[in-house]
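Q: Input: one structure, supplied below.
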Amino acid sequence: MGIYGKITREKKMILSIESSCDDSSISVTEVKSKKLLFYKKISQEREHSEFGGVVPELASRLHAVALPKILEETKEFFPKLRAVAVTNGPGLGVTLMEGVEMAKTVSAMLDIPIIAINHLKAHIYSLFIEKETIFPILVLLISGGHTMIVKVESLNSMQILASTMDDSIGESFDKCAKMMDLDYPGGPQIEKLAVLGDENRFNFPVPLSNSPLLAFSLSGLKNAIRVKIEELGGADNLSYKDRCDISASFQKAITAHLLQKSKKIMSAQNIKDFAIVGGAAANQSIRDTFASLCDKLNIKQHFVELKYCSDNSAMVGRIAIDYFLDNQIMDHKSISTLISKKRQNGEL
Ligand code: KG4
Ligand code: ZN
């Protein structure tokens with residue numbers, strides 16, 4: 001008998017909760033087979049769209065409604081749960097707390113441990129949903145909050161080799177879209193318009209192209225877009241073609257930037273597996289550009305299923321299995337202490 005009551009053979013599943021930003025998601029995964037037995041996500045994009053970005057307090061209120069609704073649907077799995085996993089950062093403090101409080105309740109109610117999940121590592125594990133892990137692997141993480149290249153050697157060995165000095169990739173797609181009066185989230189909008197646009201009409205600067213720095217920077221590009229829109233008479237005066245051409249030219253510059261910096265690291269690292277993860281990994285043009293590079297460098301590119309690029313609990317469940325097998329679990333009091341520490345350090 002363990003500290004968490006009787007461990008029966010039936011208790012072989014993990015319930016996972018994700019609420020780091022504007023997606024409420026819960027999944028149930030089986031530890032041994034890594035199978036996803038239940039998965040649901042309720043997105044808040046429509047609700048935030050009219051504000052041009054995520055409003056944390058609104059997101060938190062929407063999680064408070066959506067999460068219990070989804071949890072209700074997982075009740076049949078309760079007797080079989082071995083642990084509850086929850087994203088505990090990085091993310092929006094007020095939305096993370098919705099998931100963490102729910103995990104604490106489930107933990108106390110069912111007498112099962114909690115697994116605290118780092119959101120960025122979970123994105124990396126979106127590669128391995130219902131699959132075995134592939135290590136070592138170089139991962140380009142491009143989401144709404146982060147942009148980085150990570151050398152992943154194991155669950156407990158991940159090293160950031162480059163990151164952004166200012167905005168993230170997703171954020172710059174969102175800001176560029178907002179400047180053109182497009183809906184939130186901007187990434188999918190820009191990608192759609194870019195397909196119809198002339199990517200050579202505007203010569204936007206490729207960030208840090210003359211710099212040896214292994215880092216990303218998007219603020220200069222953002223400024224160039226702002227100036228161009230002003231030159232064209234402001235967002236109200238943009239034609240549909242202007243929007244398509246700006247989107248295509250912007251996407252071309254951003255992709256070239258990602259490619260230039262990644263290529264240097266990929267060549268230097270001698271790692272034969274590569275992947276792009278995070279919300280912006282859904283961008284087909286970025287996927288295709290990297291596929292050509294990987295071909296040239298004789299590197300195998302792995303893809304995250306489109307539905308698991310943006311925030312979701314399936315990736316939380318997948319990494320939770322590896323943490324669980326590595327015995328990295330805690331009780332509901334310890335996660336409260338962890339969260340308070342994060343708060344003190346200004347991480348939440
Ligand atoms: O990973 P994610 O769901 O949330 C964070 O962890 O931040 O990423 C959301 C971001 C948004 O900024 C969104 O505009 C961007 O991913 N995104 C895209 C595309 N789909 C979503 N960016 C470029 N192209 C896309 N197709
Ligand atoms: Zn994310």
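Residue numbering restarts at 1 for every chain of the structure tokens, chains are lettered A, B, ... in their displayed order, and ligands are numbered from 1 as they appear.
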Skip Pro212 of chain A itself and residues of its chain fewer than 3 positions away, then list as a VMD selection string all residues within 10 Å of it, counting only C-alpha atoms.

A: chain A and resid 208 to 209 215 261 264

Q: Give me, as a list in words, all polymer residues having an atom no more than 7 Å from Ile42 of chain A, counting only C-alpha atoms and skipping those fewer than 4 positions away in the same chain.

A: Asp23, Ser24, Ser25 and Ala66 of chain A

Q: Give me the residues within 7 Å of Lys272 of chain A as a short mmCIF file (atom, residue, chain, number, x, y, z; two decimals) with N, CA, C and O atoms, in the first residue's frame, counting only C-alpha atoms and dropping any in the same chain fewer than 2 places off.

A:
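In the end it all went to around39.cif:
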data_model
loop_
_atom_site.label_atom_id
_atom_site.label_comp_id
_atom_site.auth_asym_id
_atom_site.auth_seq_id
_atom_site.Cartn_x
_atom_site.Cartn_y
_atom_site.Cartn_z
N ASN A 270 24.61 18.62 -34.74
CA ASN A 270 24.72 17.22 -35.17
C ASN A 270 23.64 16.32 -34.53
O ASN A 270 23.94 15.22 -34.06
N PHE A 274 14.43 16.63 -35.69
CA PHE A 274 14.03 18.03 -35.51
C PHE A 274 12.51 18.13 -35.54
O PHE A 274 11.85 17.38 -36.26
N ILE A 299 18.29 15.73 -42.06
CA ILE A 299 17.71 15.64 -40.71
C ILE A 299 16.25 15.21 -40.86
O ILE A 299 15.57 15.64 -41.80
N LYS A 300 15.78 14.38 -39.92
CA LYS A 300 14.38 13.93 -40.01
C LYS A 300 13.48 14.92 -39.27
O LYS A 300 13.71 15.19 -38.10
#

Q: Taking only C-alpha atoms and all ligand atoms into account, list the residues no farther than 6 Å from ligand 1, as a PDB file with C-alpha atoms, in the first residue's frame.

A:
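This went into result_24.pdb:
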ATOM      1  CA  SER A 143       3.883  29.830 -29.475  1.00  0.00           C
ATOM      2  CA  GLY A 144       1.991  32.903 -28.363  1.00  0.00           C
ATOM      3  CA  GLY A 145       4.233  33.331 -25.337  1.00  0.00           C
ATOM      4  CA  GLY A 170       2.770  34.005 -32.193  1.00  0.00           C
ATOM      5  CA  GLU A 171       2.591  37.413 -30.547  1.00  0.00           C
ATOM      6  CA  PHE A 173       1.497  37.347 -35.879  1.00  0.00           C
ATOM      7  CA  ASP A 174      -1.224  38.550 -33.484  1.00  0.00           C
ATOM      8  CA  PRO A 185      -5.731  35.009 -33.027  1.00  0.00           C
ATOM      9  CA  GLY A 186      -3.793  36.588 -35.852  1.00  0.00           C
ATOM     10  CA  GLY A 187      -1.694  33.606 -36.957  1.00  0.00           C
ATOM     11  CA  PRO A 188      -4.395  31.699 -38.836  1.00  0.00           C
ATOM     12  CA  GLU A 191      -1.644  32.572 -42.997  1.00  0.00           C
ATOM     13  CA  GLY A 278       3.581  25.384 -30.312  1.00  0.00           C
ATOM     14  CA  GLY A 279       0.601  27.262 -31.770  1.00  0.00           C
ATOM     15  CA  ALA A 280       2.534  28.768 -34.693  1.00  0.00           C
ATOM     16  CA  ALA A 282       0.427  24.951 -37.396  1.00  0.00           C
ATOM     17  CA  ASN A 283       1.637  27.404 -40.057  1.00  0.00           C
ATOM     18  CA  SER A 310      -2.076  25.005 -29.876  1.00  0.00           C
ATOM     19  CA  ASP A 311      -2.619  24.565 -26.144  1.00  0.00           C
TER      20      ASP A 311
END

Q: Mind listing the alpha helix (DSSP H) residues of segment 221-310 of chain A, per DSSP on the backbone, as a PDB file with C-alpha atoms, in the first residue's frame?

A:
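The file below, out16.pdb, is the result:
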ATOM      1  CA  LEU A 221       9.802  43.734 -37.972  1.00  0.00           C
ATOM      2  CA  LYS A 222       6.672  44.739 -36.075  1.00  0.00           C
ATOM      3  CA  ASN A 223       7.728  48.369 -36.341  1.00  0.00           C
ATOM      4  CA  ALA A 224       8.370  48.042 -40.085  1.00  0.00           C
ATOM      5  CA  ILE A 225       4.798  46.727 -40.516  1.00  0.00           C
ATOM      6  CA  ARG A 226       3.405  49.613 -38.472  1.00  0.00           C
ATOM      7  CA  VAL A 227       5.292  52.166 -40.601  1.00  0.00           C
ATOM      8  CA  LYS A 228       4.153  50.520 -43.860  1.00  0.00           C
ATOM      9  CA  ILE A 229       0.497  50.528 -42.754  1.00  0.00           C
ATOM     10  CA  GLU A 230       0.809  54.234 -41.894  1.00  0.00           C
ATOM     11  CA  GLU A 231       2.345  54.904 -45.326  1.00  0.00           C
ATOM     12  CA  TYR A 240      -7.980  43.437 -49.353  1.00  0.00           C
ATOM     13  CA  LYS A 241      -4.927  43.118 -51.629  1.00  0.00           C
ATOM     14  CA  ASP A 242      -2.838  45.311 -49.299  1.00  0.00           C
ATOM     15  CA  ARG A 243      -3.721  43.004 -46.401  1.00  0.00           C
ATOM     16  CA  CYS A 244      -2.857  39.895 -48.411  1.00  0.00           C
ATOM     17  CA  ASP A 245       0.469  41.369 -49.580  1.00  0.00           C
ATOM     18  CA  ILE A 246       1.434  42.601 -46.100  1.00  0.00           C
ATOM     19  CA  SER A 247       0.592  39.171 -44.668  1.00  0.00           C
ATOM     20  CA  ALA A 248       2.633  37.347 -47.327  1.00  0.00           C
ATOM     21  CA  SER A 249       5.629  39.705 -47.026  1.00  0.00           C
ATOM     22  CA  PHE A 250       5.502  39.545 -43.208  1.00  0.00           C
ATOM     23  CA  GLN A 251       5.300  35.761 -43.188  1.00  0.00           C
ATOM     24  CA  LYS A 252       8.209  35.563 -45.640  1.00  0.00           C
ATOM     25  CA  ALA A 253      10.420  37.738 -43.373  1.00  0.00           C
ATOM     26  CA  ILE A 254       9.488  35.898 -40.193  1.00  0.00           C
ATOM     27  CA  THR A 255      10.064  32.487 -41.806  1.00  0.00           C
ATOM     28  CA  ALA A 256      13.444  33.596 -43.177  1.00  0.00           C
ATOM     29  CA  HIS A 257      14.400  34.776 -39.676  1.00  0.00           C
ATOM     30  CA  LEU A 258      13.429  31.469 -38.070  1.00  0.00           C
ATOM     31  CA  LEU A 259      15.226  29.562 -40.786  1.00  0.00           C
ATOM     32  CA  GLN A 260      18.484  31.564 -40.656  1.00  0.00           C
ATOM     33  CA  LYS A 261      18.943  31.158 -36.927  1.00  0.00           C
ATOM     34  CA  SER A 262      17.720  27.567 -36.735  1.00  0.00           C
ATOM     35  CA  LYS A 263      19.944  26.475 -39.616  1.00  0.00           C
ATOM     36  CA  LYS A 264      23.084  27.607 -37.773  1.00  0.00           C
ATOM     37  CA  ILE A 265      22.095  25.684 -34.660  1.00  0.00           C
ATOM     38  CA  MET A 266      20.971  22.599 -36.578  1.00  0.00           C
ATOM     39  CA  SER A 267      24.275  22.461 -38.459  1.00  0.00           C
ATOM     40  CA  ALA A 268      26.317  22.913 -35.280  1.00  0.00           C
ATOM     41  CA  GLN A 269      24.447  20.397 -33.127  1.00  0.00           C
ATOM     42  CA  GLN A 284       1.975  25.429 -43.291  1.00  0.00           C
ATOM     43  CA  SER A 285       4.453  27.810 -44.877  1.00  0.00           C
ATOM     44  CA  ILE A 286       6.794  27.527 -41.869  1.00  0.00           C
ATOM     45  CA  ARG A 287       6.364  23.723 -41.840  1.00  0.00           C
ATOM     46  CA  ASP A 288       7.161  23.465 -45.567  1.00  0.00           C
ATOM     47  CA  THR A 289      10.192  25.759 -45.386  1.00  0.00           C
ATOM     48  CA  PHE A 290      11.706  23.697 -42.588  1.00  0.00           C
ATOM     49  CA  ALA A 291      10.915  20.452 -44.402  1.00  0.00           C
ATOM     50  CA  SER A 292      13.168  21.603 -47.288  1.00  0.00           C
ATOM     51  CA  LEU A 293      15.926  22.621 -44.880  1.00  0.00           C
ATOM     52  CA  CYS A 294      15.764  19.273 -43.068  1.00  0.00           C
ATOM     53  CA  ASP A 295      15.971  17.459 -46.401  1.00  0.00           C
ATOM     54  CA  LYS A 296      19.104  19.403 -47.294  1.00  0.00           C
ATOM     55  CA  LEU A 297      20.738  18.780 -43.934  1.00  0.00           C
TER      56      LEU A 297
END

Q: Kindly assemble as JSON lines a list of the chain A residues that lie within 12 Å of ligand 2, each paired with its nearest atom pair and their distance in Å to one decimal, using only C-alpha atoms and all ligand atoms, sorted first by chain and then by ascending residue number.

A:
{"residue": "A:Glu18", "atom": "CA", "partner": "ligand 2", "partner_atom_place_in_ligand_line": "1 (Zn)", "distance": 9.6}
{"residue": "A:Ser19", "atom": "CA", "partner": "ligand 2", "partner_atom_place_in_ligand_line": "1 (Zn)", "distance": 9.7}
{"residue": "A:Ser20", "atom": "CA", "partner": "ligand 2", "partner_atom_place_in_ligand_line": "1 (Zn)", "distance": 7.3}
{"residue": "A:Cys21", "atom": "CA", "partner": "ligand 2", "partner_atom_place_in_ligand_line": "1 (Zn)", "distance": 7.6}
{"residue": "A:Asp22", "atom": "CA", "partner": "ligand 2", "partner_atom_place_in_ligand_line": "1 (Zn)", "distance": 9.5}
{"residue": "A:Asp23", "atom": "CA", "partner": "ligand 2", "partner_atom_place_in_ligand_line": "1 (Zn)", "distance": 9.3}
{"residue": "A:Ser24", "atom": "CA", "partner": "ligand 2", "partner_atom_place_in_ligand_line": "1 (Zn)", "distance": 12.0}
{"residue": "A:Thr87", "atom": "CA", "partner": "ligand 2", "partner_atom_place_in_ligand_line": "1 (Zn)", "distance": 10.2}
{"residue": "A:Gly89", "atom": "CA", "partner": "ligand 2", "partner_atom_place_in_ligand_line": "1 (Zn)", "distance": 10.0}
{"residue": "A:Pro90", "atom": "CA", "partner": "ligand 2", "partner_atom_place_in_ligand_line": "1 (Zn)", "distance": 8.8}
{"residue": "A:Gly91", "atom": "CA", "partner": "ligand 2", "partner_atom_place_in_ligand_line": "1 (Zn)", "distance": 8.0}
{"residue": "A:Leu92", "atom": "CA", "partner": "ligand 2", "partner_atom_place_in_ligand_line": "1 (Zn)", "distance": 10.8}
{"residue": "A:Asn118", "atom": "CA", "partner": "ligand 2", "partner_atom_place_in_ligand_line": "1 (Zn)", "distance": 10.2}
{"residue": "A:His119", "atom": "CA", "partner": "ligand 2", "partner_atom_place_in_ligand_line": "1 (Zn)", "distance": 6.4}
{"residue": "A:Leu120", "atom": "CA", "partner": "ligand 2", "partner_atom_place_in_ligand_line": "1 (Zn)", "distance": 6.8}
{"residue": "A:Lys121", "atom": "CA", "partner": "ligand 2", "partner_atom_place_in_ligand_line": "1 (Zn)", "distance": 9.7}
{"residue": "A:Ala122", "atom": "CA", "partner": "ligand 2", "partner_atom_place_in_ligand_line": "1 (Zn)", "distance": 8.4}
{"residue": "A:His123", "atom": "CA", "partner": "ligand 2", "partner_atom_place_in_ligand_line": "1 (Zn)", "distance": 6.5}
{"residue": "A:Ile124", "atom": "CA", "partner": "ligand 2", "partner_atom_place_in_ligand_line": "1 (Zn)", "distance": 10.0}
{"residue": "A:Tyr125", "atom": "CA", "partner": "ligand 2", "partner_atom_place_in_ligand_line": "1 (Zn)", "distance": 11.7}
{"residue": "A:Ser126", "atom": "CA", "partner": "ligand 2", "partner_atom_place_in_ligand_line": "1 (Zn)", "distance": 10.4}
{"residue": "A:Leu141", "atom": "CA", "partner": "ligand 2", "partner_atom_place_in_ligand_line": "1 (Zn)", "distance": 9.3}
{"residue": "A:Ile142", "atom": "CA", "partner": "ligand 2", "partner_atom_place_in_ligand_line": "1 (Zn)", "distance": 8.7}
{"residue": "A:Ser143", "atom": "CA", "partner": "ligand 2", "partner_atom_place_in_ligand_line": "1 (Zn)", "distance": 5.7}
{"residue": "A:Gly144", "atom": "CA", "partner": "ligand 2", "partner_atom_place_in_ligand_line": "1 (Zn)", "distance": 6.6}
{"residue": "A:Gly145", "atom": "CA", "partner": "ligand 2", "partner_atom_place_in_ligand_line": "1 (Zn)", "distance": 7.0}
{"residue": "A:His146", "atom": "CA", "partner": "ligand 2", "partner_atom_place_in_ligand_line": "1 (Zn)", "distance": 8.1}
{"residue": "A:Thr147", "atom": "CA", "partner": "ligand 2", "partner_atom_place_in_ligand_line": "1 (Zn)", "distance": 10.7}
{"residue": "A:Ser168", "atom": "CA", "partner": "ligand 2", "partner_atom_place_in_ligand_line": "1 (Zn)", "distance": 11.5}
{"residue": "A:Ile169", "atom": "CA", "partner": "ligand 2", "partner_atom_place_in_ligand_line": "1 (Zn)", "distance": 12.0}
{"residue": "A:Gly170", "atom": "CA", "partner": "ligand 2", "partner_atom_place_in_ligand_line": "1 (Zn)", "distance": 9.9}
{"residue": "A:Glu171", "atom": "CA", "partner": "ligand 2", "partner_atom_place_in_ligand_line": "1 (Zn)", "distance": 11.7}
{"residue": "A:Val277", "atom": "CA", "partner": "ligand 2", "partner_atom_place_in_ligand_line": "1 (Zn)", "distance": 9.1}
{"residue": "A:Gly278", "atom": "CA", "partner": "ligand 2", "partner_atom_place_in_ligand_line": "1 (Zn)", "distance": 5.8}
{"residue": "A:Gly279", "atom": "CA", "partner": "ligand 2", "partner_atom_place_in_ligand_line": "1 (Zn)", "distance": 6.5}
{"residue": "A:Ala280", "atom": "CA", "partner": "ligand 2", "partner_atom_place_in_ligand_line": "1 (Zn)", "distance": 9.6}
{"residue": "A:Ala281", "atom": "CA", "partner": "ligand 2", "partner_atom_place_in_ligand_line": "1 (Zn)", "distance": 10.9}
{"residue": "A:Tyr308", "atom": "CA", "partner": "ligand 2", "partner_atom_place_in_ligand_line": "1 (Zn)", "distance": 10.0}
{"residue": "A:Cys309", "atom": "CA", "partner": "ligand 2", "partner_atom_place_in_ligand_line": "1 (Zn)", "distance": 8.2}
{"residue": "A:Ser310", "atom": "CA", "partner": "ligand 2", "partner_atom_place_in_ligand_line": "1 (Zn)", "distance": 6.0}
{"residue": "A:Asp311", "atom": "CA", "partner": "ligand 2", "partner_atom_place_in_ligand_line": "1 (Zn)", "distance": 4.6}
{"residue": "A:Asn312", "atom": "CA", "partner": "ligand 2", "partner_atom_place_in_ligand_line": "1 (Zn)", "distance": 7.9}
{"residue": "A:Ser313", "atom": "CA", "partner": "ligand 2", "partner_atom_place_in_ligand_line": "1 (Zn)", "distance": 10.4}
{"residue": "A:Met315", "atom": "CA", "partner": "ligand 2", "partner_atom_place_in_ligand_line": "1 (Zn)", "distance": 10.2}
{"residue": "A:Val316", "atom": "CA", "partner": "ligand 2", "partner_atom_place_in_ligand_line": "1 (Zn)", "distance": 10.7}

Q: Please determine, counting only C-alpha atoms, which residue among A:Met97, A:Glu47, A:Tyr323, A:Glu76 has the shortest atom-to-atom distance to Arg343 of chain A.

A: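 Between A:Met97, A:Glu47, A:Tyr323, A:Glu76, the residue approaching Arg343 of chain A most closely is A:Met97.
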
Q: Just the residues within 10 Å of Glu132 of chain A, please, counting only C-alpha atoms, with nothing from its chain fewer than 3 positions along; format it as a list of chain:residue names.

A: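 These residues fall inside the cut-off: A:Ser33, A:Lys34, A:Tyr125, A:Leu127, A:Phe128, A:Ile129, A:Phe135, A:Arg318.
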
Q: Would you list the contacts of Leu161 of chain A as a list in words, taking every protein, DNA or RNA residue within 9 Å and counting only C-alpha atoms, but skipping same-chain residues closer than 2 positions in sequence?

A: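 Returned residues: Met148, Ile149, Val150, Lys151, Gln159, Ser163, Leu214, Ala215 and Ile265 of chain A.
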
Q: Please identify which residues in segment 63-141 of chain A DSSP calls strand (DSSP E or B) from the backbone, and express them as a list in words.

A: Leu81, Arg82, Ala83, Val84, Ala85, Val86, Thr87, Asn88, Gly89, Ile114, Ile115, Ala116, Ile117, Asn118, Ile137, Leu138, Val139, Leu140 and Leu141 of chain A

Q: Write a file of the selected residues as a CSV table (one decimal), in the first residue's frame, keeping N, CA and C atoms.

A:
chain,number,residue,atom,x,y,z
A,81,LEU,N,-8.3,6.5,-11.7
A,81,LEU,CA,-7.2,7.5,-11.8
A,81,LEU,C,-6.1,7.2,-10.8
A,82,ARG,N,-4.9,7.3,-11.3
A,82,ARG,CA,-3.7,7.1,-10.5
A,82,ARG,C,-3.1,8.4,-10.0
A,83,ALA,N,-3.3,9.5,-10.8
A,83,ALA,CA,-2.8,10.8,-10.5
A,83,ALA,C,-3.5,11.9,-11.3
A,84,VAL,N,-3.4,13.1,-10.9
A,84,VAL,CA,-3.9,14.2,-11.7
A,84,VAL,C,-2.8,15.2,-12.0
A,85,ALA,N,-2.7,15.5,-13.3
A,85,ALA,CA,-1.6,16.4,-13.8
A,85,ALA,C,-2.2,17.8,-14.1
A,86,VAL,N,-1.4,18.8,-13.9
A,86,VAL,CA,-2.0,20.2,-14.2
A,86,VAL,C,-0.8,21.1,-14.6
A,87,THR,N,-1.1,21.9,-15.6
A,87,THR,CA,-0.1,22.9,-16.0
A,87,THR,C,0.0,23.9,-14.9
A,88,ASN,N,1.2,24.2,-14.5
A,88,ASN,CA,1.4,25.2,-13.4
A,88,ASN,C,2.3,26.4,-13.8
A,89,GLY,N,2.5,26.5,-15.1
A,89,GLY,CA,3.3,27.7,-15.6
A,89,GLY,C,4.2,27.2,-16.7
A,114,ILE,N,-0.5,14.8,-7.3
A,114,ILE,CA,-0.6,15.8,-8.4
A,114,ILE,C,0.8,15.7,-9.1
A,115,ILE,N,0.7,15.9,-10.4
A,115,ILE,CA,1.9,16.1,-11.2
A,115,ILE,C,1.9,17.5,-11.8
A,116,ALA,N,2.9,18.3,-11.4
A,116,ALA,CA,2.9,19.7,-11.9
A,116,ALA,C,3.7,19.7,-13.2
A,117,ILE,N,3.0,20.3,-14.2
A,117,ILE,CA,3.6,20.3,-15.5
A,117,ILE,C,4.0,21.7,-16.0
A,118,ASN,N,5.2,21.7,-16.6
A,118,ASN,CA,5.7,23.0,-17.2
A,118,ASN,C,5.1,23.0,-18.6
A,137,ILE,N,16.5,15.3,-29.6
A,137,ILE,CA,15.8,16.0,-30.7
A,137,ILE,C,16.0,17.5,-30.5
A,138,LEU,N,16.1,18.2,-31.6
A,138,LEU,CA,16.1,19.7,-31.5
A,138,LEU,C,14.7,20.2,-31.8
A,139,VAL,N,14.3,21.1,-30.9
A,139,VAL,CA,12.9,21.5,-31.1
A,139,VAL,C,12.8,23.0,-31.2
A,140,LEU,N,12.1,23.5,-32.2
A,140,LEU,CA,11.8,24.9,-32.3
A,140,LEU,C,10.4,25.1,-31.8
A,141,LEU,N,10.4,25.9,-30.6
A,141,LEU,CA,9.1,26.1,-30.0
A,141,LEU,C,8.6,27.5,-30.4

Q: If I take atom CA of Pro207 of chain A and atom CA of Ala194 of chain A, how far is one from the other in Å, to one decimal?

A: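 Those two atoms sit 19.3 Å apart.
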
Q: Find the spatial neighbours of Lys69 of chain A, counting only C-alpha atoms, within a cut-off of 12 Å - ignore same-chain residues fewer than 2 positions away - and output them as a PyMOL selection string.

A: chain A and resi 24-26+40-42+62-67+71-75+102
